[in-house]
file upload-v2.json (JSON, C-alpha atoms)
[["chain", "number", "residue", "atom", "x", "y", "z"],
["Y", 1, "MET", "CA", 0.00, 0.00, 0.00],
["Y", 2, "LYS", "CA", 2.92, 2.34, 0.71],
["Y", 3, "THR", "CA", 4.18, 1.80, -2.83],
["Y", 4, "LEU", "CA", 0.81, 2.81, -4.30],
["Y", 5, "LYS", "CA", 0.75, 5.91, -2.10],
["Y", 6, "LYS", "CA", 4.25, 6.90, -3.24],
["Y", 7, "ILE", "CA", 3.29, 6.36, -6.89],
["Y", 8, "ASN", "CA", 0.11, 8.38, -6.46],
["Y", 9, "ASP", "CA", 1.91, 11.17, -4.58],
["Y", 10, "GLY", "CA", 4.49, 11.34, -7.37],
["Y", 11, "PHE", "CA", 1.76, 11.35, -10.01],
["Y", 12, "ILE", "CA", -0.08, 14.17, -8.25],
["Y", 13, "LYS", "CA", 3.15, 16.17, -7.89],
["Y", 14, "VAL", "CA", 3.90, 15.76, -11.61],
["Y", 15, "SER", "CA", 0.29, 16.74, -12.40],
["Y", 16, "GLU", "CA", 0.58, 19.86, -10.25],
["Y", 17, "TYR", "CA", 3.77, 20.88, -12.06],
["Y", 18, "ALA", "CA", 2.11, 20.16, -15.42],
["Y", 19, "ALA", "CA", -0.86, 22.36, -14.47],
["Y", 20, "ILE", "CA", 1.49, 25.17, -13.43],
["Y", 21, "VAL", "CA", 3.48, 24.93, -16.67],
["Y", 22, "LEU", "CA", 0.30, 24.79, -18.76],
["Y", 23, "SER", "CA", -1.07, 27.85, -16.93],
["Y", 24, "ALA", "CA", 2.12, 29.79, -17.61],
["Y", 25, "VAL", "CA", 2.19, 28.74, -21.27],
["Y", 26, "VAL", "CA", -1.47, 29.66, -21.79],
["Y", 27, "CYS", "CA", -0.92, 33.08, -20.18],
["Y", 28, "ALA", "CA", 2.22, 33.68, -22.26],
["Y", 29, "MET", "CA", 0.42, 32.68, -25.45],
["Y", 30, "ILE", "CA", -2.48, 35.02, -24.72],
["Y", 31, "VAL", "CA", -0.08, 37.91, -24.04],
["Y", 32, "TRP", "CA", 1.91, 37.11, -27.21],
["Y", 33, "TRP", "CA", -1.29, 36.82, -29.24],
["Y", 34, "ALA", "CA", -2.56, 40.19, -27.97],
["Y", 35, "ALA", "CA", 0.85, 41.86, -28.48],
["Y", 36, "LYS", "CA", 1.11, 40.61, -32.05],
["Y", 37, "ARG", "CA", -2.38, 41.78, -32.84],
["Y", 38, "TYR", "CA", -2.48, 45.17, -31.13],
["Y", 39, "LEU", "CA", 1.16, 46.26, -30.99],
["Y", 40, "PHE", "CA", 2.59, 44.77, -34.18],
["Y", 41, "ALA", "CA", -0.59, 44.66, -36.29],
["Y", 42, "SER", "CA", 0.06, 41.04, -37.29],
["Y", 43, "GLU", "CA", -1.61, 37.75, -36.51],
["Y", 44, "PHE", "CA", -0.77, 34.61, -34.58],
["Y", 45, "TYR", "CA", -2.81, 32.24, -36.71],
["Y", 46, "GLY", "CA", -4.25, 29.29, -34.86],
["Y", 47, "ALA", "CA", -3.60, 30.77, -31.43],
["Y", 48, "GLU", "CA", -7.14, 30.01, -30.30],
["Y", 49, "GLU", "CA", -6.67, 26.37, -31.23],
["Y", 50, "LEU", "CA", -3.43, 25.99, -29.28],
["Y", 51, "ILE", "CA", -4.66, 27.97, -26.27],
["Y", 52, "LEU", "CA", -7.90, 26.00, -26.14],
["Y", 53, "ALA", "CA", -6.06, 22.65, -26.30],
["Y", 54, "LEU", "CA", -3.63, 23.58, -23.52],
["Y", 55, "ALA", "CA", -6.32, 25.17, -21.37],
["Y", 56, "PHE", "CA", -8.48, 22.06, -21.78],
["Y", 57, "TRP", "CA", -5.68, 19.86, -20.41],
["Y", 58, "MET", "CA", -4.93, 22.37, -17.65],
["Y", 59, "TYR", "CA", -8.57, 22.47, -16.54],
["Y", 60, "PHE", "CA", -9.08, 18.71, -16.39],
["Y", 61, "ILE", "CA", -5.73, 18.08, -14.71],
["Y", 62, "GLY", "CA", -6.87, 20.60, -12.11],
["Y", 63, "ALA", "CA", -10.20, 18.79, -11.81],
["Y", 64, "TYR", "CA", -8.69, 15.46, -10.76],
["Y", 65, "ILE", "CA", -6.20, 17.21, -8.46],
["Y", 66, "ALA", "CA", -9.13, 18.97, -6.76],
["Y", 67, "THR", "CA", -10.92, 15.64, -6.41],
["Y", 68, "TYR", "CA", -7.80, 14.11, -4.89],
["Y", 69, "GLU", "CA", -7.61, 16.97, -2.38],
["Y", 70, "ASP", "CA", -11.41, 16.92, -1.89],
["Y", 71, "SER", "CA", -11.33, 20.64, -2.54],
["Y", 72, "HIS", "CA", -13.95, 21.05, -5.26],
["Y", 73, "ILE", "CA", -16.20, 24.03, -4.77],
["Y", 74, "ASN", "CA", -19.37, 23.00, -2.99],
["Y", 75, "ALA", "CA", -22.24, 24.60, -1.13],
["Y", 76, "ASP", "CA", -21.65, 23.06, 2.27],
["Y", 77, "LEU", "CA", -24.33, 24.89, 4.24],
["Y", 78, "PHE", "CA", -26.02, 21.74, 5.46],
["Y", 79, "THR", "CA", -22.91, 20.11, 6.93],
["Y", 80, "GLY", "CA", -22.08, 23.29, 8.84],
["Y", 81, "MET", "CA", -25.43, 23.07, 10.65],
["Y", 82, "LEU", "CA", -24.81, 19.51, 11.83],
["Y", 83, "LYS", "CA", -23.54, 19.30, 15.40],
["Y", 84, "THR", "CA", -22.11, 15.78, 15.63],
["Y", 85, "ASP", "CA", -19.14, 14.27, 13.84],
["Y", 86, "LYS", "CA", -21.29, 11.28, 12.96],
["Y", 87, "GLY", "CA", -23.82, 13.50, 11.18],
["Y", 88, "LYS", "CA", -21.08, 15.38, 9.35],
["Y", 89, "ASN", "CA", -19.47, 12.13, 8.21],
["Y", 90, "ILE", "CA", -22.80, 10.74, 7.01],
["Y", 91, "ALA", "CA", -23.48, 13.95, 5.08],
["Y", 92, "LYS", "CA", -20.01, 13.77, 3.55],
["Y", 93, "ILE", "CA", -20.56, 10.16, 2.47],
["Y", 94, "VAL", "CA", -23.88, 11.12, 0.84],
["Y", 95, "ARG", "CA", -22.18, 14.03, -0.98],
["Y", 96, "LEU", "CA", -19.35, 11.78, -2.12],
["Y", 97, "CYS", "CA", -21.73, 9.06, -3.35],
["Y", 98, "ILE", "CA", -23.62, 11.63, -5.44],
["Y", 99, "SER", "CA", -20.30, 12.89, -6.79],
["Y", 100, "LEU", "CA", -19.25, 9.33, -7.61],
["Y", 101, "LEU", "CA", -22.45, 8.75, -9.61],
["Y", 102, "ALA", "CA", -21.84, 11.98, -11.53],
["Y", 103, "PHE", "CA", -18.19, 11.09, -12.18],
["Y", 104, "ALA", "CA", -19.17, 7.58, -13.33],
["Y", 105, "LEU", "CA", -21.67, 9.03, -15.81],
["Y", 106, "LEU", "CA", -19.12, 11.60, -17.02],
["Y", 107, "THR", "CA", -16.49, 8.85, -17.39],
["Y", 108, "TRP", "CA", -18.81, 6.86, -19.62],
["Y", 109, "LEU", "CA", -19.65, 9.95, -21.69],
["Y", 110, "ALA", "CA", -15.95, 10.89, -21.94],
["Y", 111, "TRP", "CA", -14.99, 7.45, -23.25],
["Y", 112, "ASP", "CA", -17.85, 7.65, -25.76],
["Y", 113, "PHE", "CA", -16.75, 11.12, -26.85],
["Y", 114, "LEU", "CA", -13.13, 10.04, -27.25],
["Y", 115, "ALA", "CA", -14.17, 6.93, -29.19],
["Y", 116, "PHE", "CA", -16.22, 9.15, -31.51],
["Y", 117, "ASP", "CA", -13.21, 11.43, -32.09],
["Y", 118, "ILE", "CA", -11.04, 8.42, -32.91],
["Y", 119, "SER", "CA", -13.57, 6.69, -35.15],
["Y", 120, "MET", "CA", -14.35, 9.87, -37.10],
["Y", 121, "HIS", "CA", -10.66, 10.85, -37.37],
["Y", 122, "LYS", "CA", -11.54, 14.35, -36.19],
["Y", 123, "ILE", "CA", -8.72, 16.85, -36.58],
["Y", 124, "THR", "CA", -8.24, 20.47, -35.61],
["Y", 125, "VAL", "CA", -8.83, 23.14, -38.23],
["Y", 126, "MET", "CA", -5.55, 25.04, -38.28],
["Y", 127, "TYR", "CA", -2.81, 22.64, -37.20],
["Y", 128, "ARG", "CA", -4.61, 19.47, -38.27],
["Y", 129, "PHE", "CA", -3.70, 17.34, -35.26],
["Y", 130, "PRO", "CA", -6.15, 14.74, -33.94],
["Y", 131, "GLN", "CA", -8.76, 16.09, -31.56],
["Y", 132, "ALA", "CA", -8.44, 12.82, -29.66],
["Y", 133, "TRP", "CA", -5.12, 14.18, -28.33],
["Y", 134, "ILE", "CA", -7.00, 17.08, -26.77],
["Y", 135, "HIS", "CA", -9.93, 15.04, -25.52],
["Y", 136, "ALA", "CA", -7.85, 12.16, -24.11],
["Y", 137, "VAL", "CA", -7.65, 14.04, -20.82],
["Y", 138, "LEU", "CA", -11.42, 13.66, -20.30],
["Y", 139, "PRO", "CA", -11.57, 9.93, -19.49],
["Y", 140, "LEU", "CA", -8.27, 10.19, -17.59],
["Y", 141, "SER", "CA", -9.63, 12.98, -15.42],
["Y", 142, "PHE", "CA", -12.96, 11.33, -14.72],
["Y", 143, "VAL", "CA", -11.52, 7.87, -14.03],
["Y", 144, "LEU", "CA", -9.08, 9.39, -11.54],
["Y", 145, "SER", "CA", -11.91, 11.43, -10.02],
["Y", 146, "CYS", "CA", -13.89, 8.20, -9.53],
["Y", 147, "ILE", "CA", -10.91, 6.51, -7.87],
["Y", 148, "TYR", "CA", -10.19, 9.45, -5.57],
["Y", 149, "THR", "CA", -13.88, 9.79, -4.65],
["Y", 150, "VAL", "CA", -14.04, 6.10, -3.71],
["Y", 151, "ALA", "CA", -10.92, 6.61, -1.57],
["Y", 152, "HIS", "CA", -12.60, 9.55, 0.21],
["Y", 153, "ILE", "CA", -15.74, 7.48, 0.77],
["Y", 154, "VAL", "CA", -13.66, 4.69, 2.32],
["Y", 155, "GLN", "CA", -11.71, 7.12, 4.52],
["Y", 156, "THR", "CA", -14.88, 8.78, 5.74],
["Y", 157, "ALA", "CA", -16.61, 5.43, 6.33],
["Y", 158, "ILE", "CA", -13.64, 4.28, 8.41],
["Y", 159, "ALA", "CA", -13.75, 7.52, 10.41],
["Y", 160, "LEU", "CA", -17.50, 7.05, 10.88],
["Y", 161, "ALA", "CA", -17.06, 3.43, 12.03],
["Y", 162, "GLU", "CA", -14.28, 4.40, 14.45],
["Y", 163, "GLY", "CA", -16.24, 7.36, 15.77],
["Y", 164, "GLY", "CA", -13.36, 9.69, 14.84],
["Y", 165, "LYS", "CA", -13.38, 12.94, 13.01],
["Y", 166, "SER", "CA", -12.92, 13.02, 9.30],
["Y", 167, "GLU", "CA", -11.63, 16.12, 7.55],
["Y", 168, "ALA", "CA", -15.23, 17.19, 6.92],
["Y", 169, "ALA", "CA", -15.97, 17.07, 10.61],
["Y", 170, "GLN", "CA", -12.87, 19.13, 11.44],
["Y", 171, "GLN", "CA", -13.41, 21.94, 8.93],
["Y", 172, "PRO", "CA", -16.33, 23.67, 10.71],
["Y", 173, "GLU", "CA", -14.37, 23.59, 14.00],
["Y", 174, "ALA", "CA", -11.46, 25.37, 12.34],
["Y", 175, "LEU", "CA", -13.88, 27.99, 11.04],
["Y", 176, "GLU", "CA", -15.38, 28.43, 14.52],
["Y", 177, "GLN", "CA", -11.91, 28.88, 16.02],
["Y", 178, "ALA", "CA", -11.00, 31.51, 13.42],
["Y", 179, "THR", "CA", -14.13, 33.62, 14.00],
["Y", 180, "ASP", "CA", -15.69, 35.34, 16.97],
["Y", 181, "GLU", "CA", -19.31, 34.99, 18.13],
["Y", 182, "GLY", "CA", -20.49, 37.51, 15.54],
["Y", 183, "GLY", "CA", -18.90, 35.53, 12.70],
["Y", 184, "ASN", "CA", -16.10, 38.07, 12.18],
["Y", 185, "VAL", "CA", -12.62, 36.80, 11.40],
["Y", 186, "ARG", "CA", -10.28, 37.09, 14.38]]

call {"tool": "encode", "arguments": {"input": "upload-v2.json", "output": "structure tokens"}}
result
Amino acid sequence: MKTLKKINDGFIKVSEYAAIVLSAVVCAMIVWWAAKRYLFASEFYGAEELILALAFWMYFIGAYIATYEDSHINADLFTGMLKTDKGKNIAKIVRLCISLLAFALLTWLAWDFLAFDISMHKITVMYRFPQAWIHAVLPLSFVLSCIYTVAHIVQTAIALAEGGKSEAAQQPEALEQATDEGGNVR
């Protein structure tokens, strides 16, 4: 199990670096594109195509990293009202199970979409490279999101069974400690 954790930690670290590099490249390309257009009155043909492809990968790499960290944006008003750790853990398991169903559906759709790209030999307009290269990140992202969501469900179920606090149960306490009785940040 330690070996799998080391492999996963390395994979996540590489993914984080890839997302950072992709972000920097996308920003640089947008600046270069704008400079060429407005300062030099020339064009960077196909810039939209390249920027879109890189941004697509950046976004979906970020999506599975956020799933790994369990840091997706969510409206967690209900969990904050629960008083017991058991209730918070149960609510977290319900949220994660709903997320898992959504990720499973999206995984199936992503594989179908990628298969369509491959079977139709879809290519980009300007640079003529296969769109499957761009869309290959979809099933990767959603499969990893499914795996990480199952891992979070297991961790929370173990915490629930042991009567301990999961991360979801600890988050509202940290918020309470950081604010006063009026809800103002200390």

call {"tool": "closest_residue", "arguments": {"input": "upload-v2.json", "among": "Y:Ala161, Y:Ile118, Y:Tyr68, Y:Phe103", "to": "Asn8 in chain Y", "atoms": "only C-alpha atoms"}}
result
Y:Tyr68

call {"tool": "residues_around", "arguments": {"input": "upload-v2.json", "residues": "range 105-108 of chain Y", "least_positions_apart": "6", "cutoff": "7 Å", "atoms": "only C-alpha atoms", "output": "PyMOL selection string"}}
result
chain Y and resi 139+142-143

call {"tool": "closest_residue", "arguments": {"input": "upload-v2.json", "among": "Y:Phe113, Y:Phe44, Y:Tyr17, Y:Phe78", "to": "His135 in chain Y", "atoms": "only C-alpha atoms"}}
result
Y:Phe113

call {"tool": "atom_distance", "arguments": {"input": "upload-v2.json", "atom1": "CA of Glu49 in chain Y", "atom2": "CA of Ala66 in chain Y"}}
result
25.7 Å

call {"tool": "closest_residue", "arguments": {"input": "upload-v2.json", "among": "Y:Trp133, Y:Trp57, Y:Tyr148, Y:Tyr127", "to": "Leu96 in chain Y", "atoms": "all atoms listed in the file"}}
result
Y:Tyr148

call {"tool": "closest_residue", "arguments": {"input": "upload-v2.json", "among": "Y:Leu109, Y:Ile65, Y:Leu101, Y:Leu138", "to": "Ser15 in chain Y", "atoms": "all atoms listed in the file"}}
result
Y:Ile65

call {"tool": "closest_residue", "arguments": {"input": "upload-v2.json", "among": "Y:Asp70, Y:Asp9, Y:Glu48, Y:Glu16", "to": "Ser145 in chain Y", "atoms": "all atoms listed in the file"}}
result
Y:Asp70

call {"tool": "atom_distance", "arguments": {"input": "upload-v2.json", "atom1": "CA of Ala159 in chain Y", "atom2": "CA of Thr3 in chain Y"}}
result
23.0 Å

call {"tool": "atom_distance", "arguments": {"input": "upload-v2.json", "atom1": "CA of Lys5 in chain Y", "atom2": "CA of Ala63 in chain Y"}}
result
19.5 Å

call {"tool": "closest_residue", "arguments": {"input": "upload-v2.json", "among": "Y:Phe56, Y:Val31, Y:Leu160, Y:Thr149", "to": "His72 in chain Y", "atoms": "all atoms listed in the file"}}
result
Y:Thr149

call {"tool": "residues_around", "arguments": {"input": "upload-v2.json", "residues": "Lys13 in chain Y", "least_positions_apart": "6", "cutoff": "12 Å", "atoms": "all atoms listed in the file", "output": "NGL selection string"}}
result
:Y and (6-7 or 19-20 or 61-62 or 65 or 68)

call {"tool": "residues_around", "arguments": {"input": "upload-v2.json", "residues": "Asn74 in chain Y", "least_positions_apart": "3", "cutoff": "10 Å", "atoms": "all atoms listed in the file", "output": "PyMOL selection string"}}
result
chain Y and resi 71+77+95

call {"tool": "decode", "arguments": {"input": "upload-v2.json", "residues": "range 59-114 of chain Y", "atoms": "C-alpha atoms", "output": "PDB file, in the first residue's frame"}}
result
ATOM      1  CA  TYR Y  59      -8.573  22.470 -16.543  1.00  0.00           C
ATOM      2  CA  PHE Y  60      -9.077  18.713 -16.391  1.00  0.00           C
ATOM      3  CA  ILE Y  61      -5.734  18.076 -14.709  1.00  0.00           C
ATOM      4  CA  GLY Y  62      -6.868  20.598 -12.107  1.00  0.00           C
ATOM      5  CA  ALA Y  63     -10.196  18.791 -11.807  1.00  0.00           C
ATOM      6  CA  TYR Y  64      -8.691  15.464 -10.756  1.00  0.00           C
ATOM      7  CA  ILE Y  65      -6.199  17.210  -8.459  1.00  0.00           C
ATOM      8  CA  ALA Y  66      -9.132  18.974  -6.763  1.00  0.00           C
ATOM      9  CA  THR Y  67     -10.921  15.640  -6.415  1.00  0.00           C
ATOM     10  CA  TYR Y  68      -7.799  14.109  -4.890  1.00  0.00           C
ATOM     11  CA  GLU Y  69      -7.610  16.969  -2.381  1.00  0.00           C
ATOM     12  CA  ASP Y  70     -11.410  16.916  -1.887  1.00  0.00           C
ATOM     13  CA  SER Y  71     -11.333  20.639  -2.540  1.00  0.00           C
ATOM     14  CA  HIS Y  72     -13.952  21.050  -5.259  1.00  0.00           C
ATOM     15  CA  ILE Y  73     -16.204  24.030  -4.773  1.00  0.00           C
ATOM     16  CA  ASN Y  74     -19.368  22.997  -2.988  1.00  0.00           C
ATOM     17  CA  ALA Y  75     -22.242  24.603  -1.130  1.00  0.00           C
ATOM     18  CA  ASP Y  76     -21.650  23.059   2.275  1.00  0.00           C
ATOM     19  CA  LEU Y  77     -24.332  24.894   4.241  1.00  0.00           C
ATOM     20  CA  PHE Y  78     -26.023  21.737   5.456  1.00  0.00           C
ATOM     21  CA  THR Y  79     -22.906  20.111   6.933  1.00  0.00           C
ATOM     22  CA  GLY Y  80     -22.080  23.288   8.842  1.00  0.00           C
ATOM     23  CA  MET Y  81     -25.429  23.068  10.647  1.00  0.00           C
ATOM     24  CA  LEU Y  82     -24.809  19.514  11.834  1.00  0.00           C
ATOM     25  CA  LYS Y  83     -23.535  19.301  15.400  1.00  0.00           C
ATOM     26  CA  THR Y  84     -22.114  15.779  15.635  1.00  0.00           C
ATOM     27  CA  ASP Y  85     -19.141  14.272  13.842  1.00  0.00           C
ATOM     28  CA  LYS Y  86     -21.291  11.282  12.959  1.00  0.00           C
ATOM     29  CA  GLY Y  87     -23.822  13.498  11.183  1.00  0.00           C
ATOM     30  CA  LYS Y  88     -21.075  15.380   9.347  1.00  0.00           C
ATOM     31  CA  ASN Y  89     -19.471  12.131   8.212  1.00  0.00           C
ATOM     32  CA  ILE Y  90     -22.800  10.736   7.007  1.00  0.00           C
ATOM     33  CA  ALA Y  91     -23.485  13.951   5.081  1.00  0.00           C
ATOM     34  CA  LYS Y  92     -20.006  13.769   3.551  1.00  0.00           C
ATOM     35  CA  ILE Y  93     -20.561  10.156   2.470  1.00  0.00           C
ATOM     36  CA  VAL Y  94     -23.883  11.116   0.842  1.00  0.00           C
ATOM     37  CA  ARG Y  95     -22.183  14.032  -0.981  1.00  0.00           C
ATOM     38  CA  LEU Y  96     -19.349  11.780  -2.125  1.00  0.00           C
ATOM     39  CA  CYS Y  97     -21.731   9.062  -3.348  1.00  0.00           C
ATOM     40  CA  ILE Y  98     -23.623  11.627  -5.435  1.00  0.00           C
ATOM     41  CA  SER Y  99     -20.296  12.886  -6.789  1.00  0.00           C
ATOM     42  CA  LEU Y 100     -19.250   9.327  -7.608  1.00  0.00           C
ATOM     43  CA  LEU Y 101     -22.452   8.754  -9.605  1.00  0.00           C
ATOM     44  CA  ALA Y 102     -21.844  11.985 -11.533  1.00  0.00           C
ATOM     45  CA  PHE Y 103     -18.190  11.085 -12.177  1.00  0.00           C
ATOM     46  CA  ALA Y 104     -19.173   7.584 -13.326  1.00  0.00           C
ATOM     47  CA  LEU Y 105     -21.666   9.032 -15.814  1.00  0.00           C
ATOM     48  CA  LEU Y 106     -19.119  11.597 -17.016  1.00  0.00           C
ATOM     49  CA  THR Y 107     -16.489   8.847 -17.389  1.00  0.00           C
ATOM     50  CA  TRP Y 108     -18.814   6.858 -19.619  1.00  0.00           C
ATOM     51  CA  LEU Y 109     -19.645   9.953 -21.692  1.00  0.00           C
ATOM     52  CA  ALA Y 110     -15.952  10.893 -21.939  1.00  0.00           C
ATOM     53  CA  TRP Y 111     -14.993   7.448 -23.250  1.00  0.00           C
ATOM     54  CA  ASP Y 112     -17.847   7.648 -25.755  1.00  0.00           C
ATOM     55  CA  PHE Y 113     -16.749  11.123 -26.849  1.00  0.00           C
ATOM     56  CA  LEU Y 114     -13.127  10.039 -27.246  1.00  0.00           C
TER      57      LEU Y 114
END
